[in-house]
Amino acid sequence: MAKILHPQFSFTAGQLDANLSQRGDLEAYYKGLKKAENCVLRVVGGVTRRYGTKFVRTAPDGTKFRIIDYTARANGADYTNIIVFGNNIADVFNVESGHYLTSFVTGKTDEVMSKCDYEMDGNKIIFTEENTAPFQISFTGGSASSASTYTVSDVDLSNIPYYEFVANDFTPTGAALTPSAVSGYITLTASAGTPFQGVQPGMKVRITPVGYVRIISVKSDTLAVGFVERHLSSTDPIAAGSWLIEKGWEPIISATRGWPRTLAFYAGRLYFGGTRALPNLIMASTVEDNYDFDLGDASDSDGFYEFTDSKDAAHIYMLQSRNTLEIYCNASVYVITTSGFIGPVSVKITRVSPNGIMPYAEAPLISDGGSLFLNNDKNGVYWTNYQLESDSYLCDLISELCSDMITVADMPVTYPTVVWKGDDNFKNNFFAFINEDHELVLASVLLREQVKGFSKLIFQERDAEGNFVKSKLLCICPVKDKFFMILYSRQRDSYDLLYWDKNSYLDNSTTASVSGQIIAGLNRYEGSCVDVINKDSGEYLGPYPVNSNQIDLETNVYDGAAVEVGYAFYMTIETMPIEDIQNLGSSIGKYKNISEVFVNPEEVSNMTLNGHKMVGTTNKAPVTEPFVNRTLYGWDRQKTLVISQDKPMSLSLRNILVKAEVNE
């Protein structure tokens with residue numbers, strides 16, 4: 001006699017690790033899927049086909065890209081633009097309208113721009129990259145519909161601190177040294193010779209038995225002004241041989257030693273982090289001037305520098321200004337807290353996580369609290385969250401059940417991670433990253449409720465014969481309710497700027513009009529096969545080859561209609577193998593048959609269940625009422641339910657209930 005199993009799937013756990021097959025004892029098992037492709041998981045339950053993508057413009061020249069956003073104000077109104085950086089050139093688009101505004105010359109290679117971190121400062125965007133001096137892009141004028149004027153220039157940094165990279169001590173002979181005081185700012189006067197010739201501010205004078213003076217300025221070969229860092233014993237002349245000049249001190253950031261990798265404004269200062277020579281360096285400006293790094297006399301408002309940990313354990317890759325200043329390194333995460341005033345003496349750097357971040361990646365903030373990031377070992381997604389009540393950090397791995405999705409062993413792009421806050425349709429928090437196959441992995445997260453579900457989004461085109469050809473995703477940037485990306489078209493050898501569009505059912509799509517039975521002006525799709533959807537009715541008209549920049553529908557029924565032209569993609573989900581260990585005892589290894597499926601749809605126009613067509617191929621009247629299927633037959637030891645499509649149309653499910661028989 002067969003036992004009856006009643007598993008219900010809500011999908012919120014997303015695609016699970018293959019090793020979890022038949023682990024029905026886990027709570028996530030019936031919320032998860034064996035496969036989740038081209039779908040978005042709703043944190044409240046349910047799954048829906050992802051948006052299509054709208055073509056904006058061919059990307060600027062280059063093979064590596066970076067997209068950033070900034071908000072400006074004109075005529076009393078705010079507007080948001082994105083800048084798409086290529087090789088020595090950048091394109092500017094308005095986010096609200098999606099319209100192209102202008103292009104400008106950056107003078108920076110695509111290699112540099114793809115690795116830059118940046119921060120806004122009024123009408124300037126400040127950039128850092130470890131092999132490039134900090135620079136800024138200033139914009140003046142402009143609005144949501146008119147272009148600003150963009151100027152690229154170096155950032156004017158003053159009073160860069162010095163650091164002793166090498167020991168190079170010089171002991172003057174035959175000259176005594178007389179200090180004017182034992183503390184504070186003093187003068188140092190040599191009795192003979194030219195001991196201060198070639199000495200630079202930042203170098204130091206070491207005195208025996210006690211005393212240490214940082215050179216502030218050199219007035220002559222025998223006279224210098226300095227600040228006492230270790231008190232002198234007296235103002236008596238110091239005999240020759242009892243003092244020396246440490247000439248190994250040089251600017252702590254430079255073309256020779258490397259420039260900062262990352263930056264952030266925090267608590268009234270500009271912070272730089274990490275260089276080639278000092279990968280664990282944290283360097284802070286004065287409070288009075290974000291671009292002045294004067295160490296002064298170490299008063300509260302003076303600049304300072306510190307180190308997070310050993311060079312090997314703490315390569316700083318990213319700074320984030322939150323409740324604290326978060327410092328993301330290769331092997332750990334540190335914070336500088338706001339407990340009291342942060343100054344040269346009181347600064348405290350605390351390690352809060354034993355897991356570090358990937359180089360040239362981000363740890364973006366999600367709206368329900370905390371930062372998400374891919375760890376440096378490229379095998380997990382971590383959550384770091386500040387707990388206000390306890391003034392402490394919670395660090396947790398959120399991808400332990402979905403480890404198959406974390407395939408970033410050879411990350412193909414820089415800055416591959418983002419958070420998208422969703423739009424009116426998708427109110428989720430989404431953590432997204434580009435995997436090693438140049439696909440988009442999308443995680444729906446509501447971490448305070450322990451909801452975290454991963455799905456995979458694949459972007460394709462069709463060749464001239466209608467076969468699907470995979471596109472390469474290279475760059476992502478969500479801004480407000482739009483999600484921008486750059487895809488490489490293998491068959492057209494072009495880089496395209498696209499964005500998700502909730503009204504689009506196709507990828508890399510445009511809107512066109514039918515004239516008679518011809519759709520013309522499709523030169524961008526020449527040599528490929530495109531799919532066509534009637535914009536008014538939602539009817540799928542099918543794939544057509546593009547010849548001479550046009551397609552022939554071979555009927556004039558759609559004369560004058562607006563159509564969407566692009567490339568089809570299909571949603572596919574597969575449940576975990578049907579089990580019910582908790583209620584009816586283990587059914588692992590026993591033959592099962594799905595006898596009934598209850599489907600609770602939100603909107604379904606095209607759907608197949610285990611190869612059986614359930615809903616037809618028109619968008620005119622999508623199914624929105626629950627329905628039952630009792631036609632799925634066949635016994636299997638690992639019985640699953642596959643929901644898929646063969647037409648690019650709407651498919652959105654709230655949940656499904658599966659009734660299965662077990663052969664005893």
# chains A, B, ... in the order shown; residues from 1 in each chain; ligands from 1

$ select_by_dssp --residues "region 37-86 of chain A" --states "strand (DSSP E)" --output "ChimeraX atom specification"
/A:37,39-41,47-49,52-58,66-74,77-85

$ residues_around --residues "Val213 (chain A)" --least-positions-apart "6" --cutoff "7 Å" --atoms "only C-alpha atoms" --output "ChimeraX atom specification"
/A:204-206,226-230

$ residues_around --residues "Ser145 (chain A)" --least-positions-apart "3" --cutoff "12 Å" --atoms "only C-alpha atoms" --output "PyMOL selection string"
chain A and resi 74+78-81+92-102+141-142+148

$ residues_around --residues "region 429-441 of chain A" --least-positions-apart "2" --cutoff "7 Å" --atoms "only C-alpha atoms" --output "PDB file with N, CA and C atoms, in the first residue's frame"
ATOM      1  N   ILE A 366      22.332  46.604   2.711  1.00  0.00           N
ATOM      2  CA  ILE A 366      20.949  46.257   2.417  1.00  0.00           C
ATOM      3  C   ILE A 366      20.041  47.015   3.372  1.00  0.00           C
ATOM      4  N   SER A 367      18.784  47.221   2.978  1.00  0.00           N
ATOM      5  CA  SER A 367      17.922  48.129   3.731  1.00  0.00           C
ATOM      6  C   SER A 367      17.440  47.551   5.043  1.00  0.00           C
ATOM      7  N   THR A 407      30.260  30.459  -7.505  1.00  0.00           N
ATOM      8  CA  THR A 407      31.289  29.982  -8.437  1.00  0.00           C
ATOM      9  C   THR A 407      32.079  31.169  -8.959  1.00  0.00           C
ATOM     10  N   VAL A 408      32.986  31.666  -8.143  1.00  0.00           N
ATOM     11  CA  VAL A 408      33.738  32.857  -8.527  1.00  0.00           C
ATOM     12  C   VAL A 408      35.240  32.601  -8.395  1.00  0.00           C
ATOM     13  N   ALA A 409      35.655  31.379  -8.673  1.00  0.00           N
ATOM     14  CA  ALA A 409      37.061  31.010  -8.490  1.00  0.00           C
ATOM     15  C   ALA A 409      37.987  31.905  -9.307  1.00  0.00           C
ATOM     16  N   ASP A 410      37.600  32.237 -10.505  1.00  0.00           N
ATOM     17  CA  ASP A 410      38.405  33.119 -11.359  1.00  0.00           C
ATOM     18  C   ASP A 410      37.525  34.288 -11.785  1.00  0.00           C
ATOM     19  N   MET A 411      37.303  35.190 -10.843  1.00  0.00           N
ATOM     20  CA  MET A 411      36.379  36.293 -11.089  1.00  0.00           C
ATOM     21  C   MET A 411      36.783  37.075 -12.341  1.00  0.00           C
ATOM     22  N   PRO A 412      35.887  37.186 -13.315  1.00  0.00           N
ATOM     23  CA  PRO A 412      36.264  37.784 -14.594  1.00  0.00           C
ATOM     24  C   PRO A 412      36.201  39.300 -14.612  1.00  0.00           C
ATOM     25  N   PRO A 416      32.215  43.165  -8.847  1.00  0.00           N
ATOM     26  CA  PRO A 416      31.164  42.290  -9.381  1.00  0.00           C
ATOM     27  C   PRO A 416      29.926  42.197  -8.498  1.00  0.00           C
ATOM     28  N   THR A 417      29.901  42.896  -7.340  1.00  0.00           N
ATOM     29  CA  THR A 417      28.801  42.728  -6.403  1.00  0.00           C
ATOM     30  C   THR A 417      28.039  44.025  -6.195  1.00  0.00           C
ATOM     31  N   VAL A 418      26.710  43.924  -6.059  1.00  0.00           N
ATOM     32  CA  VAL A 418      25.867  45.095  -5.827  1.00  0.00           C
ATOM     33  C   VAL A 418      24.674  44.680  -4.961  1.00  0.00           C
ATOM     34  N   VAL A 419      23.983  45.673  -4.436  1.00  0.00           N
ATOM     35  CA  VAL A 419      22.676  45.469  -3.816  1.00  0.00           C
ATOM     36  C   VAL A 419      21.671  46.342  -4.542  1.00  0.00           C
ATOM     37  N   TRP A 420      20.521  45.754  -4.848  1.00  0.00           N
ATOM     38  CA  TRP A 420      19.433  46.494  -5.500  1.00  0.00           C
ATOM     39  C   TRP A 420      18.245  46.487  -4.559  1.00  0.00           C
ATOM     40  N   LYS A 421      17.648  47.657  -4.348  1.00  0.00           N
ATOM     41  CA  LYS A 421      16.527  47.774  -3.421  1.00  0.00           C
ATOM     42  C   LYS A 421      15.196  47.397  -4.062  1.00  0.00           C
ATOM     43  N   GLY A 422      15.214  47.030  -5.333  1.00  0.00           N
ATOM     44  CA  GLY A 422      13.979  46.638  -6.000  1.00  0.00           C
ATOM     45  C   GLY A 422      13.192  47.836  -6.507  1.00  0.00           C
ATOM     46  N   LYS A 427       9.877  44.419  -4.241  1.00  0.00           N
ATOM     47  CA  LYS A 427      10.247  45.239  -3.085  1.00  0.00           C
ATOM     48  C   LYS A 427      11.300  44.548  -2.223  1.00  0.00           C
ATOM     49  N   ALA A 443      20.370  37.054  -5.279  1.00  0.00           N
ATOM     50  CA  ALA A 443      19.879  36.544  -3.996  1.00  0.00           C
ATOM     51  C   ALA A 443      18.824  37.485  -3.444  1.00  0.00           C
ATOM     52  N   SER A 444      17.617  36.956  -3.200  1.00  0.00           N
ATOM     53  CA  SER A 444      16.578  37.704  -2.502  1.00  0.00           C
ATOM     54  C   SER A 444      16.818  37.534  -1.014  1.00  0.00           C
ATOM     55  N   VAL A 445      16.970  38.638  -0.294  1.00  0.00           N
ATOM     56  CA  VAL A 445      17.340  38.542   1.109  1.00  0.00           C
ATOM     57  C   VAL A 445      16.428  39.387   1.989  1.00  0.00           C
ATOM     58  N   LEU A 446      16.022  38.824   3.084  1.00  0.00           N
ATOM     59  CA  LEU A 446      15.371  39.522   4.187  1.00  0.00           C
ATOM     60  C   LEU A 446      15.975  38.890   5.436  1.00  0.00           C
ATOM     61  N   PHE A 454      18.790  32.099  -3.574  1.00  0.00           N
ATOM     62  CA  PHE A 454      19.636  32.392  -4.726  1.00  0.00           C
ATOM     63  C   PHE A 454      19.010  31.832  -6.000  1.00  0.00           C
ATOM     64  N   SER A 455      19.087  32.617  -7.070  1.00  0.00           N
ATOM     65  CA  SER A 455      18.697  32.150  -8.401  1.00  0.00           C
ATOM     66  C   SER A 455      19.749  32.620  -9.399  1.00  0.00           C
ATOM     67  N   LYS A 456      19.707  32.031 -10.602  1.00  0.00           N
ATOM     68  CA  LYS A 456      20.701  32.358 -11.622  1.00  0.00           C
ATOM     69  C   LYS A 456      20.010  32.949 -12.841  1.00  0.00           C
ATOM     70  N   LEU A 457      20.562  34.062 -13.343  1.00  0.00           N
ATOM     71  CA  LEU A 457      20.022  34.730 -14.523  1.00  0.00           C
ATOM     72  C   LEU A 457      21.012  34.589 -15.668  1.00  0.00           C
ATOM     73  N   ILE A 458      20.522  34.073 -16.789  1.00  0.00           N
ATOM     74  CA  ILE A 458      21.374  33.809 -17.949  1.00  0.00           C
ATOM     75  C   ILE A 458      20.906  34.695 -19.100  1.00  0.00           C
ATOM     76  N   LYS A 472      28.016  37.527 -22.487  1.00  0.00           N
ATOM     77  CA  LYS A 472      28.862  37.654 -21.305  1.00  0.00           C
ATOM     78  C   LYS A 472      28.492  38.921 -20.544  1.00  0.00           C
ATOM     79  N   LEU A 473      28.133  38.752 -19.283  1.00  0.00           N
ATOM     80  CA  LEU A 473      27.851  39.893 -18.420  1.00  0.00           C
ATOM     81  C   LEU A 473      29.162  40.418 -17.848  1.00  0.00           C
ATOM     82  N   LEU A 474      29.401  41.733 -17.976  1.00  0.00           N
ATOM     83  CA  LEU A 474      30.689  42.311 -17.590  1.00  0.00           C
ATOM     84  C   LEU A 474      30.604  43.351 -16.489  1.00  0.00           C
TER      85      LEU A 474
END

$ residues_around --residues "Val47 (chain A)" --least-positions-apart "3" --cutoff "10 Å" --atoms "only C-alpha atoms" --output "ChimeraX atom specification"
/A:10-12,14,36,39-44,50,571,573,601-602,651-655

$ write_last_selection --atoms "N, CA, C and O atoms" --output "CSV table (one decimal), in the first residue's frame"
chain,number,residue,atom,x,y,z
A,10,SER,N,7.4,26.8,-1.3
A,10,SER,CA,7.2,28.3,-1.4
A,10,SER,C,8.3,29.0,-2.1
A,10,SER,O,8.2,30.2,-2.3
A,11,PHE,N,9.5,28.3,-2.3
A,11,PHE,CA,10.6,28.8,-3.2
A,11,PHE,C,11.5,29.8,-2.5
A,11,PHE,O,12.6,30.1,-3.0
A,12,THR,N,11.2,30.3,-1.3
A,12,THR,CA,12.0,31.4,-0.7
A,12,THR,C,13.5,31.0,-0.4
A,12,THR,O,14.3,31.9,-0.3
A,14,GLY,N,15.3,29.4,-2.5
A,14,GLY,CA,16.0,29.5,-3.8
A,14,GLY,C,16.7,28.2,-4.1
A,14,GLY,O,16.4,27.1,-3.6
A,36,ALA,N,16.9,27.0,-10.2
A,36,ALA,CA,16.2,28.3,-10.2
A,36,ALA,C,16.9,29.2,-11.2
A,36,ALA,O,17.9,29.8,-10.9
A,39,CYS,N,14.7,33.5,-12.9
A,39,CYS,CA,13.6,33.8,-12.1
A,39,CYS,C,14.0,34.6,-10.9
A,39,CYS,O,15.2,34.7,-10.5
A,40,VAL,N,13.0,35.3,-10.3
A,40,VAL,CA,13.3,36.1,-9.1
A,40,VAL,C,12.4,35.6,-8.0
A,40,VAL,O,11.2,35.3,-8.1
A,41,LEU,N,13.0,35.4,-6.8
A,41,LEU,CA,12.4,34.8,-5.7
A,41,LEU,C,11.9,35.9,-4.8
A,41,LEU,O,12.6,36.8,-4.4
A,42,ARG,N,10.6,35.9,-4.5
A,42,ARG,CA,10.0,36.9,-3.6
A,42,ARG,C,10.2,36.5,-2.1
A,42,ARG,O,10.0,35.4,-1.8
A,43,VAL,N,10.6,37.5,-1.3
A,43,VAL,CA,10.9,37.2,0.1
A,43,VAL,C,9.7,36.8,0.8
A,43,VAL,O,9.7,36.1,1.9
A,44,VAL,N,8.5,37.2,0.3
A,44,VAL,CA,7.2,36.9,1.0
A,44,VAL,C,6.7,35.6,0.5
A,44,VAL,O,5.6,35.1,0.9
A,50,ARG,N,12.0,36.6,-14.4
A,50,ARG,CA,12.7,37.9,-14.3
A,50,ARG,C,12.3,38.9,-15.4
A,50,ARG,O,11.6,38.5,-16.3
A,571,MET,N,12.1,31.0,-18.1
A,571,MET,CA,12.2,30.6,-16.7
A,571,MET,C,12.1,29.1,-16.5
A,571,MET,O,11.2,28.5,-17.1
A,573,ILE,N,12.3,26.2,-13.2
A,573,ILE,CA,12.5,25.8,-11.8
A,573,ILE,C,12.3,24.3,-11.7
A,573,ILE,O,11.5,23.8,-12.4
A,601,PRO,N,-1.2,30.2,-8.9
A,601,PRO,CA,-0.5,31.2,-9.8
A,601,PRO,C,-0.8,32.6,-9.4
A,601,PRO,O,-1.8,32.9,-8.8
A,602,GLU,N,0.1,33.5,-9.8
A,602,GLU,CA,-0.1,34.9,-9.7
A,602,GLU,C,-0.5,35.4,-11.1
A,602,GLU,O,-1.5,36.1,-11.3
A,651,LEU,N,5.1,34.4,-16.2
A,651,LEU,CA,5.0,33.2,-15.4
A,651,LEU,C,5.4,33.6,-13.9
A,651,LEU,O,6.5,34.0,-13.7
A,652,SER,N,4.4,33.6,-13.1
A,652,SER,CA,4.6,34.0,-11.7
A,652,SER,C,3.7,33.1,-10.8
A,652,SER,O,2.5,33.0,-11.0
A,653,LEU,N,4.4,32.4,-9.8
A,653,LEU,CA,3.7,31.5,-9.0
A,653,LEU,C,3.8,31.9,-7.5
A,653,LEU,O,4.9,32.3,-7.1
A,654,ARG,N,2.7,31.7,-6.7
A,654,ARG,CA,2.8,31.9,-5.3
A,654,ARG,C,3.4,30.7,-4.6
A,654,ARG,O,4.2,30.9,-3.7
A,655,ASN,N,2.9,29.5,-4.9
A,655,ASN,CA,3.4,28.3,-4.3
A,655,ASN,C,2.8,27.1,-5.0
A,655,ASN,O,1.8,27.3,-5.8

$ closest_residue --among "A:Leu16, A:Cys116, A:Ile476, A:Leu657" --to "Ala28 (chain A)" --atoms "only C-alpha atoms"
A:Leu16

$ residues_around --residues "Val155 (chain A)" --least-positions-apart "6" --cutoff "8 Å" --atoms "only C-alpha atoms" --output "ChimeraX atom specification"
/A:126,133-136

$ residues_around --residues "Thr132 (chain A)" --least-positions-apart "4" --cutoff "8 Å" --atoms "only C-alpha atoms" --output "ChimeraX atom specification"
/A:112,128,255,258-259

$ closest_residue --among "A:Asp294, A:Asp501, A:Asp496, A:Asp536" --to "Ser513 (chain A)" --atoms "only C-alpha atoms"
A:Asp536

$ atom_distance --atom1 "CA of Glu164 (chain A)" --atom2 "CA of Asp309 (chain A)"
17.7 Å

$ atom_distance --atom1 "CA of Pro172 (chain A)" --atom2 "CA of Gly202 (chain A)"
18.3 Å

$ select_by_dssp --residues "region 18-236 of chain A" --states "helix (DSSP H, G or I)" --output "ChimeraX atom specification"
/A:18-20,27-31,110-113

$ write_last_selection --atoms "C-alpha atoms" --output "PDB file, in the first residue's frame"
ATOM      1  CA  ALA A  18      23.168  19.537  -4.853  1.00  0.00           C
ATOM      2  CA  ASN A  19      24.424  17.760  -1.724  1.00  0.00           C
ATOM      3  CA  LEU A  20      21.144  18.622   0.020  1.00  0.00           C
ATOM      4  CA  GLU A  27      13.586  23.310   7.265  1.00  0.00           C
ATOM      5  CA  ALA A  28      14.773  24.958   4.038  1.00  0.00           C
ATOM      6  CA  TYR A  29      14.168  21.818   1.948  1.00  0.00           C
ATOM      7  CA  TYR A  30      10.548  22.588   0.990  1.00  0.00           C
ATOM      8  CA  LYS A  31      11.284  26.287   0.547  1.00  0.00           C
ATOM      9  CA  ASP A 110      39.548  51.143 -18.929  1.00  0.00           C
ATOM     10  CA  GLU A 111      41.949  49.106 -16.768  1.00  0.00           C
ATOM     11  CA  VAL A 112      42.253  52.008 -14.315  1.00  0.00           C
ATOM     12  CA  MET A 113      38.575  52.938 -14.281  1.00  0.00           C
TER      13      MET A 113
END

$ closest_residue --among "A:Val628, A:Phe484, A:Ile643, A:Asp297" --to "Arg57 (chain A)" --atoms "only C-alpha atoms"
A:Phe484
